[in-house]
$ cat work21.cif   # mmCIF, C-alpha atoms
data_query
#
loop_
_atom_site.label_atom_id
_atom_site.label_comp_id
_atom_site.auth_asym_id
_atom_site.auth_seq_id
_atom_site.Cartn_x
_atom_site.Cartn_y
_atom_site.Cartn_z
CA MET A 274 14.81 -44.89 -34.34
CA ALA A 275 14.27 -41.38 -35.73
CA ARG A 276 17.96 -40.64 -35.39
CA ASN A 277 18.87 -43.76 -37.35
CA ARG A 278 16.63 -42.67 -40.22
CA ASN A 279 18.23 -39.24 -40.24
CA LYS A 280 21.84 -40.43 -40.35
CA GLU A 281 23.98 -39.28 -43.24
CA ILE A 282 26.42 -42.21 -42.86
CA SER A 283 26.11 -45.74 -41.54
CA THR A 284 27.42 -46.78 -38.15
CA ALA A 285 29.74 -49.24 -39.90
CA LEU A 286 31.32 -46.45 -41.93
CA PHE A 287 31.72 -44.25 -38.86
CA LYS A 288 33.56 -47.07 -37.08
CA ARG A 289 36.10 -46.98 -39.92
CA ILE A 290 36.50 -43.21 -39.50
CA GLU A 291 36.50 -43.08 -35.69
CA PRO A 292 40.17 -44.16 -35.22
CA LEU A 293 41.23 -41.09 -37.24
CA LEU A 294 39.50 -38.68 -34.85
CA PRO A 295 41.51 -37.16 -32.00
CA ALA A 296 40.68 -38.47 -28.53
CA VAL A 297 39.15 -35.95 -26.14
CA LYS A 298 39.47 -36.34 -22.39
CA PRO A 299 36.31 -35.71 -20.35
CA SER A 300 36.32 -32.41 -18.50
CA PRO A 301 37.12 -32.88 -14.79
CA LYS A 302 34.58 -30.16 -14.03
CA GLY A 303 31.73 -32.23 -15.41
CA GLY A 304 29.00 -30.24 -17.11
CA ARG A 305 26.82 -31.08 -20.08
CA PRO A 306 27.76 -34.32 -21.85
CA ARG A 307 29.76 -33.84 -25.04
CA LEU A 308 27.92 -34.51 -28.29
CA SER A 309 29.14 -37.80 -29.75
CA ASP A 310 31.54 -37.57 -32.67
CA GLU A 311 29.22 -39.74 -34.75
CA LEU A 312 26.29 -37.35 -34.39
CA ALA A 313 28.54 -34.33 -34.99
CA LEU A 314 29.88 -35.86 -38.20
CA ASN A 315 26.35 -36.56 -39.36
CA GLY A 316 25.46 -32.94 -38.69
CA ILE A 317 28.49 -31.73 -40.65
CA LEU A 318 27.57 -33.94 -43.59
CA PHE A 319 23.97 -32.73 -43.51
CA VAL A 320 25.12 -29.10 -43.72
CA LEU A 321 27.62 -29.96 -46.47
CA ARG A 322 25.01 -31.78 -48.55
CA THR A 323 22.12 -29.36 -48.14
CA GLY A 324 23.89 -26.02 -47.78
CA THR A 325 21.86 -25.24 -44.65
CA PRO A 326 23.40 -22.38 -42.62
CA TRP A 327 25.15 -23.73 -39.54
CA GLU A 328 22.86 -21.82 -37.21
CA HIS A 329 19.79 -23.32 -38.91
CA LEU A 330 20.73 -26.99 -38.48
CA PRO A 331 17.39 -28.60 -37.48
CA GLN A 332 17.53 -29.73 -33.86
CA GLU A 333 14.99 -32.48 -34.49
CA LEU A 334 17.65 -34.37 -36.48
CA GLY A 335 19.48 -35.08 -33.24
CA PHE A 336 22.85 -33.88 -34.55
CA GLY A 337 23.33 -31.17 -31.92
CA SER A 338 23.65 -27.47 -32.63
CA GLY A 339 25.13 -26.14 -35.83
CA MET A 340 27.89 -24.30 -34.00
CA THR A 341 28.90 -27.47 -32.17
CA CYS A 342 29.23 -29.21 -35.55
CA TRP A 343 31.13 -26.21 -36.95
CA ARG A 344 33.61 -26.29 -34.08
CA ARG A 345 34.09 -30.04 -34.49
CA LEU A 346 34.74 -29.53 -38.23
CA ARG A 347 37.29 -26.80 -37.41
CA ASP A 348 39.09 -28.88 -34.79
CA TRP A 349 39.22 -31.99 -36.97
CA GLN A 350 40.59 -29.96 -39.87
CA ALA A 351 43.33 -28.59 -37.61
CA ALA A 352 44.13 -32.17 -36.54
CA GLY A 353 44.47 -33.30 -40.17
CA VAL A 354 41.54 -35.73 -39.96
CA TRP A 355 40.11 -35.06 -43.43
CA HIS A 356 43.48 -35.38 -45.14
CA ARG A 357 44.16 -38.71 -43.43
CA LEU A 358 40.67 -39.94 -44.29
CA HIS A 359 41.15 -39.00 -47.94
CA LEU A 360 44.48 -40.87 -48.07
CA ALA A 361 42.90 -43.93 -46.43
CA LEU A 362 40.08 -43.93 -48.97
CA LEU A 363 42.47 -43.57 -51.90
CA ALA A 364 44.44 -46.55 -50.59
CA GLU A 365 41.22 -48.57 -50.29
CA LEU A 366 40.29 -47.64 -53.84
CA ARG A 367 43.69 -48.65 -55.17
CA SER A 368 43.53 -51.92 -53.26
CA ALA A 369 40.16 -52.63 -54.91
CA ASP A 370 41.53 -51.70 -58.37
CA LYS A 371 39.21 -48.69 -58.49
CA LEU A 372 41.93 -46.04 -58.75
CA ASP A 373 43.51 -45.55 -62.17
CA PHE A 374 46.89 -43.77 -62.26
CA SER A 375 47.41 -44.36 -65.98
CA ARG A 376 45.98 -40.91 -66.74
CA ALA A 377 45.12 -37.88 -64.65
CA SER A 378 43.40 -34.59 -65.45
CA VAL A 379 43.74 -31.11 -64.00
CA ASP A 380 41.42 -28.11 -64.20
CA GLY A 381 40.19 -25.14 -62.20
CA ALA A 382 36.66 -23.86 -61.60
CA SER A 383 35.58 -20.51 -60.19
CA GLY A 384 32.72 -19.89 -57.81
CA ALA A 385 31.04 -16.89 -56.24
CA GLN A 386 32.09 -15.94 -52.73
CA PRO A 387 29.69 -13.44 -51.11
CA PRO A 388 31.22 -12.82 -47.65
CA GLY A 389 34.79 -11.97 -48.68
CA GLY A 390 37.81 -13.33 -46.87
CA PRO A 391 41.21 -14.78 -47.87
CA TYR A 392 41.89 -16.59 -51.13
CA THR A 393 39.40 -14.51 -53.07
CA GLY A 394 39.71 -12.11 -55.97
CA PRO A 395 37.76 -10.46 -58.79
CA ASN A 396 36.44 -13.10 -61.15
CA PRO A 397 37.31 -12.09 -64.74
CA THR A 398 34.56 -14.36 -66.10
CA ASP A 399 31.84 -12.90 -63.84
CA ARG A 400 32.09 -9.12 -64.32
CA GLY A 401 34.80 -8.81 -61.69
CA LYS A 402 32.67 -10.10 -58.85
CA LEU A 403 34.51 -11.45 -55.84
CA GLY A 404 35.13 -15.18 -56.04
CA SER A 405 37.48 -18.04 -55.34
CA LYS A 406 38.72 -20.90 -57.50
CA ARG A 407 39.36 -24.55 -56.74
CA HIS A 408 42.03 -26.41 -58.68
CA ILE A 409 41.79 -30.22 -58.82
CA ILE A 410 43.76 -33.16 -60.17
CA THR A 411 41.74 -36.37 -60.62
CA ASP A 412 42.56 -39.90 -61.67
CA ARG A 413 41.38 -41.31 -64.99
CA GLN A 414 37.85 -41.84 -63.61
CA GLY A 415 37.47 -38.45 -61.96
CA ILE A 416 38.32 -39.46 -58.40
CA PRO A 417 39.83 -36.37 -56.73
CA LEU A 418 43.49 -36.85 -55.80
CA ILE A 419 44.45 -33.35 -54.67
CA PHE A 420 43.06 -29.80 -54.71
CA CYS A 421 43.91 -26.28 -53.68
CA VAL A 422 42.05 -22.96 -53.46
CA THR A 423 43.04 -19.55 -54.87
CA GLY A 424 41.36 -16.28 -55.68
CA ALA A 425 39.19 -16.32 -58.80
CA ASN A 426 41.63 -13.94 -60.51
CA ARG A 427 44.54 -16.40 -60.32
CA HIS A 428 45.39 -18.09 -63.61
CA ASP A 429 45.10 -21.87 -63.59
CA SER A 430 48.76 -22.36 -64.47
CA VAL A 431 50.02 -20.31 -61.49
CA VAL A 432 49.53 -23.20 -59.05
CA PHE A 433 50.32 -25.97 -61.54
CA GLU A 434 53.72 -27.04 -60.18
CA GLU A 435 52.63 -26.80 -56.56
CA LEU A 436 49.50 -28.83 -57.24
CA VAL A 437 51.38 -31.57 -59.11
CA ASP A 438 54.01 -31.84 -56.37
CA ALA A 439 51.26 -32.13 -53.75
CA LEU A 440 49.89 -35.31 -55.34
CA PRO A 441 49.60 -37.93 -52.57
CA THR A 442 51.62 -41.11 -52.39
CA VAL A 443 49.00 -43.86 -52.38
CA GLY A 444 49.54 -47.37 -51.04
CA GLY A 445 46.98 -50.13 -50.93
CA LYS A 446 48.96 -52.67 -52.96
CA PRO A 447 52.13 -54.69 -52.38
CA GLY A 448 55.31 -52.94 -53.44
CA ARG A 449 56.06 -49.25 -53.69
CA PRO A 450 53.18 -46.79 -53.25
CA ARG A 451 52.08 -44.95 -56.39
CA HIS A 452 52.84 -41.24 -56.60
CA TRP A 453 52.86 -39.95 -60.17
CA PRO A 454 50.25 -40.66 -62.88
CA GLY A 455 51.43 -41.93 -66.24
CA LYS A 456 49.97 -38.98 -68.17
CA LEU A 457 48.41 -35.65 -67.21
CA HIS A 458 45.72 -34.05 -69.36
CA ALA A 459 45.10 -30.30 -69.30
CA ASP A 460 43.55 -27.63 -71.50
CA LYS A 461 45.29 -24.74 -73.24
CA GLY A 462 45.36 -22.70 -70.04
CA TYR A 463 48.36 -24.81 -69.01
CA ASP A 464 50.20 -24.59 -72.33
CA TYR A 465 53.45 -23.13 -71.02
CA PRO A 466 56.99 -24.51 -71.35
CA ARG A 467 57.47 -24.50 -67.57
CA CYS A 468 54.38 -26.68 -67.08
CA ARG A 469 55.59 -29.21 -69.66
CA ALA A 470 59.11 -29.16 -68.22
CA HIS A 471 57.81 -29.74 -64.72
CA LEU A 472 55.91 -32.84 -65.80
CA LYS A 473 58.96 -34.14 -67.65
CA ARG A 474 61.08 -33.82 -64.49
CA ARG A 475 58.49 -35.90 -62.62
CA GLY A 476 58.40 -38.58 -65.30
CA ILE A 477 54.81 -37.69 -66.30
CA GLN A 478 53.85 -37.52 -69.98
CA ASP A 479 52.15 -34.21 -70.72
CA ARG A 480 48.89 -34.19 -72.62
CA ILE A 481 48.38 -30.44 -72.65
CA ALA A 482 46.41 -28.94 -75.51
CA ARG A 483 48.58 -26.58 -77.57
CA LYS A 484 47.38 -23.07 -78.34
CA GLY A 485 46.66 -22.45 -82.00
CA ILE A 486 47.39 -26.06 -82.92
CA GLU A 487 45.00 -28.41 -81.16
CA ARG A 488 41.35 -27.97 -80.45
CA ASN A 489 40.30 -28.28 -76.82
CA ASP A 490 37.91 -31.09 -77.67
CA ARG A 491 40.73 -33.23 -79.09
CA LEU A 492 41.75 -34.27 -75.57
CA GLY A 493 38.24 -33.93 -74.18
CA ARG A 494 37.60 -37.67 -74.24
CA HIS A 495 40.06 -37.96 -71.35
CA ARG A 496 39.84 -34.54 -69.70
CA TRP A 497 36.07 -34.35 -69.27
CA VAL A 498 36.27 -36.38 -66.08
CA VAL A 499 37.76 -33.49 -64.09
CA GLU A 500 34.97 -31.20 -65.28
CA ARG A 501 32.48 -33.79 -64.05
CA THR A 502 34.26 -33.85 -60.68
CA HIS A 503 33.83 -30.09 -60.41
CA SER A 504 30.12 -30.66 -61.05
CA TRP A 505 30.02 -33.30 -58.32
CA LEU A 506 31.56 -30.83 -55.88
CA ALA A 507 29.19 -28.06 -56.94
CA ALA A 508 26.28 -30.40 -56.20
CA PHE A 509 27.08 -30.11 -52.49
CA GLY A 510 24.92 -27.27 -51.24
CA LYS A 511 27.68 -25.80 -49.07
CA LEU A 512 30.12 -25.69 -52.00
CA ARG A 513 27.83 -24.40 -54.75
CA THR A 514 28.73 -20.98 -53.43
CA ARG A 515 31.62 -20.41 -51.05
CA PHE A 516 29.76 -19.33 -47.93
CA GLU A 517 32.66 -19.72 -45.51
CA ARG A 518 34.87 -16.68 -44.98
CA ARG A 519 37.52 -18.74 -43.18
CA ILE A 520 39.71 -20.65 -45.62
CA ASP A 521 40.32 -23.53 -43.19
CA ILE A 522 36.57 -24.22 -42.97
CA HIS A 523 36.13 -23.98 -46.74
CA VAL A 524 39.07 -26.36 -47.31
CA ALA A 525 37.68 -28.74 -44.67
CA LEU A 526 34.34 -28.89 -46.49
CA LEU A 527 36.08 -29.47 -49.83
CA SER A 528 38.19 -32.25 -48.29
CA LEU A 529 35.14 -33.90 -46.80
CA ALA A 530 33.30 -33.67 -50.13
CA CYS A 531 36.25 -35.38 -51.85
CA CYS A 532 36.02 -38.13 -49.24
CA VAL A 533 32.30 -38.55 -49.94
CA ILE A 534 33.03 -38.92 -53.67
CA CYS A 535 35.59 -41.62 -52.85
CA VAL A 536 33.16 -43.46 -50.59
CA ARG A 537 30.53 -43.49 -53.33
CA ARG A 538 32.98 -45.39 -55.55
CA LEU A 539 33.95 -47.73 -52.73
CA LEU A 540 30.77 -49.35 -51.47
CA PRO A 541 32.58 -52.11 -49.51
CA PHE A 542 34.12 -49.37 -47.36
CA CYS A 543 30.64 -48.62 -46.08
#
$ encode --input "work21.cif" --output "structure tokens"
Amino acid sequence: MARNRNKEISTALFKRIEPLLPAVKPSPKGGRPRLSDELALNGILFVLRTGTPWEHLPQELGFGSGMTCWRRLRDWQAAGVWHRLHLALLAELRSADKLDFSRASVDGASGAQPPGGPYTGPNPTDRGKLGSKRHIITDRQGIPLIFCVTGANRHDSVVFEELVDALPTVGGKPGRPRHWPGKLHADKGYDYPRCRAHLKRRGIQDRIARKGIERNDRLGRHRWVVERTHSWLAAFGKLRTRFERRIDIHVALLSLACCVICVRRLLPFC
């Protein structure tokens, strides 16, 4: 009973996720039984939510050791589990009319990164301290559609084309899956001819604030949702500061956090 009270996700939700997890054959040599995937996922989510160091995961929760959960997170990231889960959730949201492609918003947010590692750089807004930056595109309601990570010294517009082209193709409804949003909102950091031209080639109307002409708050009534999404992500203890040196682990945690945000908007999925 104690384990049930400690669970981060319901058994019903895990049963929806389980088919996405890679099958593991039992070792012919026997040995200690393998921690169940359900308990490992609960342990990962506990660490993500609280920011607890992996090695300090409380054993009384019944989620196994922190390093076992860390290895499971690493292996599932390598197998593409989190990406497939995110796509499945987006399709569920679109099927339930809870995904709005009429408008999208893009923005980047920097964070401190104490241990160093790849995809970091001196943060120009934090006295040159080492940091990394996440770049996100959301739907009209702030649901994360795609993200990437760069060093904190990379300008937002540098990854603009790559981020737009990485937008997922989302099914969930009869007919052709939806790929491009109708409009894309962005602040003056993206006010470059190449950014506008790229959107035009994709059939997306640009709503990029123009330097020296429009105030940033003019488009804020639509663009604020992506800033709220950054706040949602920063609310996860493990993402408030980038603790992970390895980029694959940091990206895995970001992907899982995006999935959690989707689940919160899709209660029937649970």
$ resolve_selection --input "work21.cif" --expression "the PyMOL selection byres ((chain A and resi 396) around 9)" --output "count of residues only"
20
$ atom_distance --input "work21.cif" --atom1 "atom CA of Thr325 of chain A" --atom2 "atom CA of Ala351 of chain A"
22.8 Å
$ closest_residue --input "work21.cif" --among "A:Leu308, A:Leu286, A:Leu529, A:Leu539" --to "Asp370 of chain A" --atoms "all atoms listed in the file"
A:Leu539
$ resolve_selection --input "work21.cif" --expression "the PyMOL selection byres ((chain A and resi 422) around 6)" --output "PyMOL selection string"
chain A and resi 406-407+421+423
$ resolve_selection --input "work21.cif" --expression "the PyMOL selection byres ((chain A and resi 415) around 8)" --output "list in words"
Ser378, Thr411, Asp412, Arg413, Gln414, Ile416, Pro417, Val498, Val499, Arg501 and Thr502 of chain A
$ residues_around --input "work21.cif" --residues "Asp310 of chain A" --least-positions-apart "2" --cutoff "12 Å" --atoms "all atoms listed in the file" --output "JSON, numbers by chain"
{"A": [284, 287, 288, 290, 291, 292, 293, 294, 295, 296, 297, 306, 307, 308, 312, 313, 314, 315, 316, 317, 336, 337, 341, 342, 344, 345, 346, 348, 349]}
$ residues_around --input "work21.cif" --residues "Lys511 of chain A" --least-positions-apart "2" --cutoff "7 Å" --atoms "all atoms listed in the file" --output "PDB file with C-alpha atoms, in the coordinates of the input"
ATOM      1  CA  VAL A 320      25.120 -29.100 -43.720  1.00  0.00           C
ATOM      2  CA  LEU A 321      27.620 -29.960 -46.470  1.00  0.00           C
ATOM      3  CA  ARG A 322      25.010 -31.780 -48.550  1.00  0.00           C
ATOM      4  CA  THR A 323      22.120 -29.360 -48.140  1.00  0.00           C
ATOM      5  CA  GLY A 324      23.890 -26.020 -47.780  1.00  0.00           C
ATOM      6  CA  PHE A 509      27.080 -30.110 -52.490  1.00  0.00           C
ATOM      7  CA  ARG A 513      27.830 -24.400 -54.750  1.00  0.00           C
ATOM      8  CA  THR A 514      28.730 -20.980 -53.430  1.00  0.00           C
ATOM      9  CA  ARG A 515      31.620 -20.410 -51.050  1.00  0.00           C
ATOM     10  CA  PHE A 516      29.760 -19.330 -47.930  1.00  0.00           C
TER      11      PHE A 516
END
$ closest_residue --input "work21.cif" --among "A:Pro447, A:Gly390, A:Gly462, A:Gly455" --to "Ser430 of chain A" --atoms "all atoms listed in the file"
A:Gly462
$ closest_residue --input "work21.cif" --among "A:Leu436, A:Ala361, A:Asn279, A:Lys456" --to "Arg496 of chain A" --atoms "only C-alpha atoms"
A:Lys456
$ closest_residue --input "work21.cif" --among "A:Arg451, A:Glu434, A:Lys298, A:Phe319" --to "Gln332 of chain A" --atoms "all atoms listed in the file"
A:Phe319
$ atom_distance --input "work21.cif" --atom1 "atom CA of Cys531 of chain A" --atom2 "atom CA of Ala470 of chain A"
28.8 Å
$ closest_residue --input "work21.cif" --among "A:Ser528, A:His523, A:Ala459, A:Leu540" --to "Pro391 of chain A" --atoms "all atoms listed in the file"
A:His523
$ closest_residue --input "work21.cif" --among "A:His495, A:Gly510, A:Val533, A:Ser338" --to "Glu281 of chain A" --atoms "all atoms listed in the file"
A:Val533
$ closest_atom_pairs --input "work21.cif" --of "segment 288-383 of chain A" --to "segment 474-487 of chain A" --cutoff "10 Å" --atoms "all atoms listed in the file" --output "CSV"
residue,atom,partner,partner_atom,distance
A:Ser375,CA,A:Ile477,CA,10.0
A:Arg376,CA,A:Gln478,CA,9.2
A:Ala377,CA,A:Arg480,CA,9.6
A:Ser378,CA,A:Arg480,CA,9.0
A:Val379,CA,A:Ile481,CA,9.8
$ closest_atom_pairs --input "work21.cif" --of "segment 324-370 of chain A" --to "segment 438-444 of chain A" --cutoff "7 Å" --atoms "all atoms listed in the file" --output "tab-separated table"
residue	atom	partner	partner_atom	distance
A:Leu360	CA	A:Val443	CA	6.9
A:Leu363	CA	A:Val443	CA	6.6
A:Ala364	CA	A:Gly444	CA	5.2
$ atom_distance --input "work21.cif" --atom1 "atom CA of Trp505 of chain A" --atom2 "atom CA of His471 of chain A"
28.7 Å
